[in-house]
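**Student:** The following file, final_19.cif, comprises mmCIF, C-alpha atoms:
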```
data_final
#
loop_
_atom_site.label_atom_id
_atom_site.label_comp_id
_atom_site.auth_asym_id
_atom_site.auth_seq_id
_atom_site.Cartn_x
_atom_site.Cartn_y
_atom_site.Cartn_z
CA MET A 1 12.70 55.50 70.18
CA PRO A 2 9.13 56.60 69.28
CA ASN A 3 8.11 56.88 65.65
CA GLN A 4 8.56 60.42 64.34
CA TYR A 5 5.40 61.18 62.40
CA PHE A 6 5.84 63.84 59.73
CA TYR A 7 3.01 66.34 59.61
CA HIS A 8 2.88 66.89 55.83
CA LEU A 9 3.95 63.47 54.56
CA GLY A 10 1.56 61.71 56.93
CA PHE A 11 3.89 58.85 57.86
CA GLY A 12 7.05 58.16 59.83
CA LEU A 13 10.14 56.00 59.93
CA ASP A 14 8.36 53.04 61.55
CA ASP A 15 6.11 52.83 58.49
CA LEU A 16 9.10 52.09 56.23
CA GLY A 17 10.13 48.72 57.65
CA SER A 18 13.32 47.41 59.19
CA THR A 19 15.46 48.47 56.21
CA PRO A 20 14.10 51.85 55.12
CA PRO A 21 14.50 53.04 51.52
CA THR A 22 17.10 55.65 50.63
CA MET A 23 15.67 56.70 47.24
CA THR A 24 12.49 58.52 46.23
CA LEU A 25 10.89 59.05 42.84
CA LEU A 26 9.20 62.42 43.22
CA SER A 27 6.29 63.60 41.05
CA GLY A 28 4.32 66.81 41.25
CA ASP A 29 1.08 65.05 40.31
CA PRO A 30 -0.36 62.59 42.86
CA GLU A 31 -1.79 60.52 40.01
CA ARG A 32 1.69 60.14 38.53
CA ALA A 33 3.03 58.97 41.87
CA ARG A 34 0.21 56.42 42.02
CA LEU A 35 0.81 55.33 38.41
CA ILE A 36 4.51 54.79 39.07
CA ALA A 37 3.80 52.77 42.19
CA HIS A 38 1.13 50.50 40.76
CA THR A 39 2.61 50.05 37.27
CA TYR A 40 6.36 49.86 37.87
CA LEU A 41 6.82 48.72 41.48
CA GLN A 42 6.10 45.41 43.22
CA ASP A 43 4.44 44.66 46.59
CA VAL A 44 3.20 48.23 46.75
CA ARG A 45 1.86 49.66 49.98
CA LEU A 46 0.15 53.02 50.43
CA LEU A 47 1.95 55.15 53.01
CA SER A 48 -0.30 58.19 53.00
CA GLU A 49 -2.73 60.30 51.00
CA ASN A 50 -2.36 63.22 53.41
CA ARG A 51 -3.10 66.64 51.83
CA GLY A 52 -3.03 65.03 48.38
CA LEU A 53 0.66 64.23 48.89
CA ASN A 54 0.27 60.57 47.97
CA SER A 55 3.21 58.35 48.96
CA TYR A 56 3.75 54.67 48.21
CA LEU A 57 6.33 52.09 49.25
CA GLY A 58 7.35 49.36 46.85
CA TYR A 59 10.15 47.39 45.25
CA LEU A 60 11.97 47.97 41.97
CA PRO A 61 12.51 44.96 39.68
CA ASN A 62 15.95 44.40 41.25
CA GLY A 63 14.45 44.19 44.75
CA ARG A 64 15.41 47.66 45.88
CA LEU A 65 12.88 49.29 48.22
CA ILE A 66 11.83 52.76 47.06
CA ILE A 67 9.25 55.48 47.71
CA SER A 68 7.08 56.99 45.00
CA ALA A 69 5.96 60.33 46.43
CA THR A 70 4.10 63.49 45.47
CA SER A 71 5.71 66.91 45.82
CA GLY A 72 2.69 68.97 44.82
CA MET A 73 2.85 71.84 42.31
CA GLY A 74 5.65 74.33 42.66
CA ALA A 75 8.77 74.82 44.72
CA PRO A 76 7.24 75.80 48.10
CA SER A 77 5.31 72.53 48.32
CA LEU A 78 8.31 70.54 47.07
CA SER A 79 10.56 72.12 49.68
CA ILE A 80 8.33 70.84 52.50
CA VAL A 81 8.12 67.31 51.13
CA VAL A 82 11.84 67.06 50.40
CA ASN A 83 12.79 68.37 53.84
CA GLU A 84 10.70 65.69 55.52
CA LEU A 85 11.92 62.94 53.18
CA VAL A 86 15.53 63.79 54.00
CA GLN A 87 14.69 63.63 57.70
CA LEU A 88 13.43 60.09 57.02
CA GLY A 89 16.85 59.13 55.62
CA ILE A 90 16.31 59.61 51.88
CA LYS A 91 19.68 60.08 50.11
CA GLN A 92 18.66 60.13 46.43
CA ILE A 93 15.72 61.87 44.75
CA ILE A 94 14.78 61.75 41.08
CA ARG A 95 12.14 64.25 40.06
CA ILE A 96 9.81 63.03 37.30
CA GLY A 97 7.96 66.01 35.88
CA THR A 98 6.58 67.68 32.80
CA CYS A 99 7.93 70.70 30.95
CA GLY A 100 7.66 72.97 27.96
CA ALA A 101 10.55 73.03 25.49
CA ILE A 102 11.83 76.42 24.37
CA GLN A 103 14.34 75.18 21.80
CA THR A 104 13.01 74.43 18.30
CA HIS A 105 14.80 71.09 18.00
CA ILE A 106 13.16 69.50 21.09
CA PRO A 107 9.89 67.78 20.15
CA VAL A 108 6.86 67.00 22.26
CA GLY A 109 7.08 63.37 23.39
CA SER A 110 10.80 63.49 24.14
CA ILE A 111 12.36 64.03 27.57
CA VAL A 112 14.72 66.61 29.05
CA ILE A 113 17.31 65.58 31.63
CA SER A 114 18.39 68.63 33.61
CA SER A 115 22.09 69.04 34.27
CA ALA A 116 21.44 72.28 36.18
CA ALA A 117 18.81 74.96 36.58
CA LEU A 118 18.52 78.67 36.15
CA CYS A 119 16.67 79.07 39.44
CA ARG A 120 14.14 81.91 39.60
CA GLN A 121 12.29 80.69 42.67
CA GLY A 122 11.47 82.37 45.94
CA ALA A 123 11.54 79.12 47.93
CA ALA A 124 15.12 78.48 46.83
CA ASN A 125 16.17 81.85 48.22
CA ASP A 126 15.21 80.62 51.69
CA ILE A 127 17.52 77.63 51.21
CA ALA A 128 20.62 79.34 49.82
CA PRO A 129 21.68 82.65 48.23
CA VAL A 130 20.70 83.49 44.66
CA GLU A 131 24.30 82.85 43.56
CA TYR A 132 24.35 79.32 45.01
CA PRO A 133 24.51 76.82 42.12
CA ALA A 134 21.44 74.74 41.34
CA ALA A 135 23.21 71.69 39.94
CA ALA A 136 22.03 68.12 39.52
CA ASP A 137 24.03 65.23 40.90
CA PRO A 138 26.35 64.11 38.07
CA PHE A 139 26.10 60.41 38.86
CA LEU A 140 22.29 60.29 38.97
CA THR A 141 22.19 62.43 35.83
CA VAL A 142 24.50 60.07 33.95
CA ALA A 143 22.33 57.17 35.12
CA LEU A 144 19.30 58.89 33.55
CA VAL A 145 21.19 59.46 30.29
CA LYS A 146 22.31 55.82 30.15
CA ALA A 147 18.75 54.72 30.88
CA ALA A 148 17.34 56.85 28.04
CA GLN A 149 19.95 55.44 25.69
CA ALA A 150 19.23 51.85 26.72
CA LEU A 151 15.48 52.38 26.25
CA GLU A 152 16.00 54.30 22.98
CA VAL A 153 14.06 57.26 24.36
CA GLU A 154 14.73 60.57 22.61
CA TYR A 155 16.38 62.76 25.23
CA TYR A 156 18.07 66.12 25.58
CA MET A 157 20.35 67.15 28.43
CA GLY A 158 21.10 70.68 29.52
CA VAL A 159 20.05 73.64 31.62
CA THR A 160 16.43 74.10 32.70
CA ALA A 161 14.68 77.35 33.60
CA SER A 162 12.98 76.63 36.92
CA VAL A 163 10.43 79.34 37.72
CA ASP A 164 7.63 79.87 40.21
CA THR A 165 4.62 80.42 37.97
CA PHE A 166 3.08 78.52 35.09
CA TYR A 167 1.62 81.56 33.33
CA GLU A 168 3.42 84.88 33.83
CA GLY A 169 6.78 83.38 34.80
CA GLN A 170 6.88 81.32 31.61
CA GLU A 171 5.81 84.30 29.49
CA ARG A 172 2.36 82.92 28.77
CA THR A 173 -0.13 85.56 27.66
CA ASP A 174 -3.00 83.17 26.90
CA SER A 175 -4.32 83.42 30.45
CA ALA A 176 -6.39 85.56 32.81
CA ASN A 177 -3.55 88.09 32.73
CA PRO A 178 -2.34 88.84 29.18
CA TYR A 179 -0.26 91.80 30.37
CA LEU A 180 3.23 90.82 31.47
CA MET A 181 5.61 92.95 33.48
CA ARG A 182 8.37 94.43 31.35
CA SER A 183 10.95 92.25 33.08
CA LEU A 184 9.18 89.15 31.71
CA GLN A 185 8.53 90.37 28.17
CA GLY A 186 10.96 88.56 25.87
CA ILE A 187 12.33 86.36 28.65
CA THR A 188 11.80 83.15 26.66
CA THR A 189 13.85 84.45 23.71
CA GLU A 190 16.54 85.51 26.16
CA TYR A 191 16.63 82.07 27.75
CA ARG A 192 16.70 80.43 24.33
CA GLN A 193 19.79 82.44 23.44
CA LEU A 194 21.37 81.23 26.69
CA ASN A 195 20.89 77.62 25.45
CA ILE A 196 18.30 76.87 28.12
CA LEU A 197 16.19 73.91 27.03
CA ASN A 198 12.90 74.09 28.88
CA TYR A 199 10.63 75.56 31.52
CA GLU A 200 9.47 73.75 34.66
CA MET A 201 8.65 74.72 38.25
CA GLU A 202 10.52 72.61 40.79
CA CYS A 203 14.01 71.33 39.99
CA GLY A 204 15.94 74.52 40.78
CA THR A 205 14.84 74.43 44.40
CA LEU A 206 15.35 70.66 44.53
CA PHE A 207 18.95 71.01 43.29
CA LYS A 208 19.76 73.78 45.78
CA MET A 209 18.28 71.73 48.61
CA ALA A 210 20.42 68.77 47.54
CA GLY A 211 23.57 70.85 47.72
CA VAL A 212 22.74 72.32 51.12
CA TYR A 213 21.22 69.21 52.72
CA GLY A 214 23.74 66.73 51.30
CA PHE A 215 21.65 64.37 49.18
CA ALA A 216 21.80 63.51 45.46
CA ALA A 217 19.13 64.92 43.13
CA ALA A 218 18.34 64.61 39.45
CA ALA A 219 15.41 65.51 37.22
CA VAL A 220 13.83 64.11 34.09
CA CYS A 221 10.87 65.90 32.51
CA ALA A 222 8.44 64.83 29.82
CA VAL A 223 8.14 67.44 27.07
CA VAL A 224 4.42 68.19 26.81
CA ALA A 225 4.55 71.57 25.07
CA GLN A 226 6.66 73.08 22.30
CA ARG A 227 6.73 76.73 23.28
CA THR A 228 8.28 77.96 20.04
CA ILE A 229 5.01 76.95 18.35
CA THR A 230 2.25 77.34 20.95
CA GLU A 231 1.67 78.04 24.63
CA ALA A 232 -0.70 75.06 24.89
CA VAL A 233 0.08 71.65 26.33
CA ASN A 234 -0.10 68.93 23.67
CA LEU A 235 -2.57 66.57 25.35
CA SER A 236 -2.42 64.00 22.54
CA GLN A 237 1.31 63.43 23.17
CA LYS A 238 1.40 63.97 26.92
CA ASP A 239 0.88 60.33 27.95
CA ILE A 240 3.68 59.15 25.64
CA ALA A 241 6.08 61.75 26.99
CA VAL A 242 5.24 60.98 30.62
CA LYS A 243 5.62 57.24 30.01
CA ASN A 244 9.08 57.86 28.53
CA ALA A 245 10.13 59.97 31.52
CA ILE A 246 8.89 57.40 34.04
CA ALA A 247 10.50 54.48 32.24
CA THR A 248 13.81 56.35 32.11
CA ALA A 249 13.70 57.12 35.83
CA ILE A 250 12.76 53.56 36.77
CA HIS A 251 15.60 52.15 34.66
CA ALA A 252 18.08 54.61 36.19
CA ALA A 253 16.91 53.90 39.74
CA THR A 254 17.19 50.17 39.14
CA ASN A 255 20.72 50.33 37.78
CA CYS A 256 22.42 53.08 39.81
CA GLU A 257 24.19 52.60 43.13
#
```
For the file at hand, write its structure as structure tokens.
**Tutor:**
Amino acid sequence: MPNQYFYHLGFGLDDLGSTPPTMTLLSGDPERARLIAHTYLQDVRLLSENRGLNSYLGYLPNGRLIISATSGMGAPSLSIVVNELVQLGIKQIIRIGTCGAIQTHIPVGSIVISSAALCRQGAANDIAPVEYPAAADPFLTVALVKAAQALEVEYYMGVTASVDTFYEGQERTDSANPYLMRSLQGITTEYRQLNILNYEMECGTLFKMAGVYGFAAAAVCAVVAQRTITEAVNLSQKDIAVKNAIATAIHAATNCE
């Protein structure tokens, strides 16, 4: 059978060896995908840098073959990458992202493990109805929690607000457009009262795709902004937070089935 080359990923099944991987660590940032591959994996091989969607093949410390891939920013890009990964036989995906906390007790530098998402994303509506639950896989999620506990990483688990835009959709006014639609004014306070922990831009669509496509998905995000204090990303703490999120995902991937 000829190798099926995937247009966006830039590689196909024949590039994955005789025993292809079934798990992917998925990052929005191509540099994070590269960092994961070259810092945490062994015998790393570049699969593709097509369209900035960097993908790497390598081994976890326990010898498990895995892909570190880039989803790009936002749900539409993620939906393309995930669709093609599933066609390649991927059965488990852990998203490693960044987020802004909207609860006062969640500090920058910690991580949020999403149990589910309030999904306000157009891409997800093409996958399943608005009412379809955007829920993380419970087993992968528990693996992330156990990993954070083993590594003594400060973590919080709960519902994430997954929205399409970084500025307006997250009620940021410190931008080119300080005037928000009335439907978005006060949305962060509303979400806080609903016990939602954080904002990010991908996991709601990922979770809906997992339910519809039949794979397991989980998400761990580094807290890089404390939105009850400021709209700005805390650059001085970002690297620590991202390192904690990556280490948690690697530990979970190494120790889960």
**Student:** Go ahead and compute the interatomic distance for atom CA of A:Gly100 and atom CA of A:Val233, in Å to one decimal.
**Tutor:**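 That distance, rounded to one decimal, is 7.9 Å.
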**Student:** For stretch 62-142 of chain A against stretch 8-22 of chain A, with a cut-off of 12 Å and counting all atoms listed in the file, what is the closest atom pair and its distance in Å to one decimal for every residue that makes the cut, ordered by chain and number, as CSV?
**Tutor:**
```
residue,atom,partner,partner_atom,distance
A:Gly63,CA,A:Pro21,CA,11.1
A:Arg64,CA,A:Pro21,CA,7.8
A:Leu65,CA,A:Pro21,CA,5.3
A:Ile66,CA,A:Pro21,CA,5.2
A:Ile67,CA,A:Pro21,CA,6.9
A:Ser68,CA,A:Pro21,CA,10.6
A:Ala69,CA,A:Leu9,CA,8.9
A:Thr70,CA,A:Leu9,CA,9.1
A:Ser71,CA,A:Leu9,CA,9.6
A:Gly72,CA,A:His8,CA,11.2
A:Ser77,CA,A:His8,CA,9.7
A:Leu78,CA,A:His8,CA,10.9
A:Ser79,CA,A:His8,CA,11.1
A:Ile80,CA,A:His8,CA,7.5
A:Val81,CA,A:Leu9,CA,6.6
A:Val82,CA,A:Leu9,CA,9.6
A:Asn83,CA,A:Leu9,CA,10.1
A:Glu84,CA,A:Leu9,CA,7.2
A:Leu85,CA,A:Leu9,CA,8.1
A:Val86,CA,A:Thr22,CA,8.9
A:Gln87,CA,A:Leu13,CA,9.2
A:Leu88,CA,A:Leu13,CA,6.0
A:Gly89,CA,A:Thr22,CA,6.1
A:Ile90,CA,A:Thr22,CA,4.2
A:Lys91,CA,A:Thr22,CA,5.2
A:Gln92,CA,A:Thr22,CA,6.3
A:Ile93,CA,A:Thr22,CA,8.7
A:Ile94,CA,A:Thr22,CA,11.6
```
**Student:** Just give me the gap between atom CA of A:Glu200 and atom CA of A:Asp164 in Å, one decimal is fine.
**Tutor:**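 Computed distance, atom CA of A:Glu200 to atom CA of A:Asp164, equals 8.5 Å.
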**Student:** Can you tell me how far atom CA of A:Glu190 sits from atom CA of A:Gly211, in Å to one decimal?
**Tutor:** 27.0 Å
**Student:** Translate the PyMOL selection byres ((chain A and resi 127) around 12), as applied to the file shown, into an explicit residue set as a list in words.
**Tutor:** Ala75, Pro76, Ser79, Ile80, Asn83, Cys119, Gln121, Gly122, Ala123, Ala124, Asn125, Asp126, Ala128, Pro129, Val130, Glu131, Tyr132, Pro133, Ala134, Gly204, Thr205, Leu206, Phe207, Lys208, Met209, Ala210, Gly211, Val212 and Tyr213 of chain A
**Student:** Got a sec to resolve the PyMOL selection byres ((chain A and resi 222-227) around 10) on this structure and send the residues as a CSV table (one decimal) with C-alpha atoms, keeping the file's coordinate frame?
**Tutor:**
```csv
chain,number,residue,atom,x,y,z
A,96,ILE,CA,9.8,63.0,37.3
A,97,GLY,CA,8.0,66.0,35.9
A,98,THR,CA,6.6,67.7,32.8
A,99,CYS,CA,7.9,70.7,31.0
A,100,GLY,CA,7.7,73.0,28.0
A,101,ALA,CA,10.6,73.0,25.5
A,102,ILE,CA,11.8,76.4,24.4
A,103,GLN,CA,14.3,75.2,21.8
A,104,THR,CA,13.0,74.4,18.3
A,105,HIS,CA,14.8,71.1,18.0
A,106,ILE,CA,13.2,69.5,21.1
A,107,PRO,CA,9.9,67.8,20.2
A,108,VAL,CA,6.9,67.0,22.3
A,109,GLY,CA,7.1,63.4,23.4
A,110,SER,CA,10.8,63.5,24.1
A,111,ILE,CA,12.4,64.0,27.6
A,112,VAL,CA,14.7,66.6,29.0
A,113,ILE,CA,17.3,65.6,31.6
A,155,TYR,CA,16.4,62.8,25.2
A,170,GLN,CA,6.9,81.3,31.6
A,171,GLU,CA,5.8,84.3,29.5
A,172,ARG,CA,2.4,82.9,28.8
A,188,THR,CA,11.8,83.2,26.7
A,198,ASN,CA,12.9,74.1,28.9
A,199,TYR,CA,10.6,75.6,31.5
A,200,GLU,CA,9.5,73.8,34.7
A,220,VAL,CA,13.8,64.1,34.1
A,221,CYS,CA,10.9,65.9,32.5
A,228,THR,CA,8.3,78.0,20.0
A,229,ILE,CA,5.0,77.0,18.4
A,230,THR,CA,2.2,77.3,21.0
A,231,GLU,CA,1.7,78.0,24.6
A,232,ALA,CA,-0.7,75.1,24.9
A,233,VAL,CA,0.1,71.6,26.3
A,234,ASN,CA,-0.1,68.9,23.7
A,235,LEU,CA,-2.6,66.6,25.4
A,236,SER,CA,-2.4,64.0,22.5
A,237,GLN,CA,1.3,63.4,23.2
A,238,LYS,CA,1.4,64.0,26.9
A,239,ASP,CA,0.9,60.3,28.0
A,240,ILE,CA,3.7,59.2,25.6
A,241,ALA,CA,6.1,61.8,27.0
A,242,VAL,CA,5.2,61.0,30.6
A,243,LYS,CA,5.6,57.2,30.0
A,244,ASN,CA,9.1,57.9,28.5
A,245,ALA,CA,10.1,60.0,31.5
A,246,ILE,CA,8.9,57.4,34.0
```
**Student:** Written as a PyMOL selection string, which residues does the PyMOL selection byres ((chain A and resi 144) around 8) give for the file shown?
**Tutor:** chain A and resi 113+140-143+145-148+220+248-249+251-252
**Student:** Would you kindly return, as a list of chain:residue names, each protein, DNA or RNA residue with an atom no farther than 12 Å from any atom of A:His38, considering all atoms listed in the file and excluding same-chain residues fewer than 2 positions away?
**Tutor:**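 These residues fall inside the cut-off: A:Glu31, A:Arg32, A:Ala33, A:Arg34, A:Leu35, A:Ile36, A:Tyr40, A:Leu41, A:Gln42, A:Asp43, A:Val44, A:Arg45, A:Leu46, A:Ser55, A:Tyr56, A:Leu57, A:Gly58, A:Tyr59, A:Leu60, A:Ile67, A:Ser68.
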**Student:** Could you please fill out stretch 171-183 of chain A with N, CA and C atoms and send it back as a short mmCIF file (atom, residue, chain, number, x, y, z; two decimals), keeping the file's coordinate frame?
**Tutor:**
```cif
data_model
loop_
_atom_site.label_atom_id
_atom_site.label_comp_id
_atom_site.auth_asym_id
_atom_site.auth_seq_id
_atom_site.Cartn_x
_atom_site.Cartn_y
_atom_site.Cartn_z
N GLU A 171 6.16 83.37 30.56
CA GLU A 171 5.81 84.30 29.49
C GLU A 171 4.58 83.85 28.70
N ARG A 172 3.62 83.26 29.41
CA ARG A 172 2.36 82.92 28.77
C ARG A 172 1.41 84.13 28.84
N THR A 173 0.84 84.46 27.71
CA THR A 173 -0.13 85.56 27.66
C THR A 173 -1.55 85.06 27.42
N ASP A 174 -1.68 83.76 27.11
CA ASP A 174 -3.00 83.17 26.90
C ASP A 174 -3.55 82.73 28.26
N SER A 175 -3.89 83.72 29.10
CA SER A 175 -4.32 83.42 30.45
C SER A 175 -5.22 84.55 30.95
N ALA A 176 -5.56 84.51 32.22
CA ALA A 176 -6.39 85.56 32.81
C ALA A 176 -5.67 86.90 32.82
N ASN A 177 -4.35 86.87 32.72
CA ASN A 177 -3.55 88.09 32.73
C ASN A 177 -2.67 88.15 31.49
N PRO A 178 -3.13 88.77 30.40
CA PRO A 178 -2.34 88.84 29.18
C PRO A 178 -1.25 89.90 29.23
N TYR A 179 -1.21 90.69 30.29
CA TYR A 179 -0.26 91.80 30.37
C TYR A 179 0.90 91.43 31.29
N LEU A 180 2.07 91.23 30.70
CA LEU A 180 3.23 90.82 31.47
C LEU A 180 4.05 92.03 31.89
N MET A 181 4.67 91.91 33.05
CA MET A 181 5.61 92.95 33.48
C MET A 181 6.75 93.04 32.46
N ARG A 182 7.32 94.23 32.34
CA ARG A 182 8.37 94.43 31.35
C ARG A 182 9.54 93.48 31.55
N SER A 183 9.82 93.14 32.80
CA SER A 183 10.95 92.25 33.08
C SER A 183 10.74 90.84 32.53
#
```
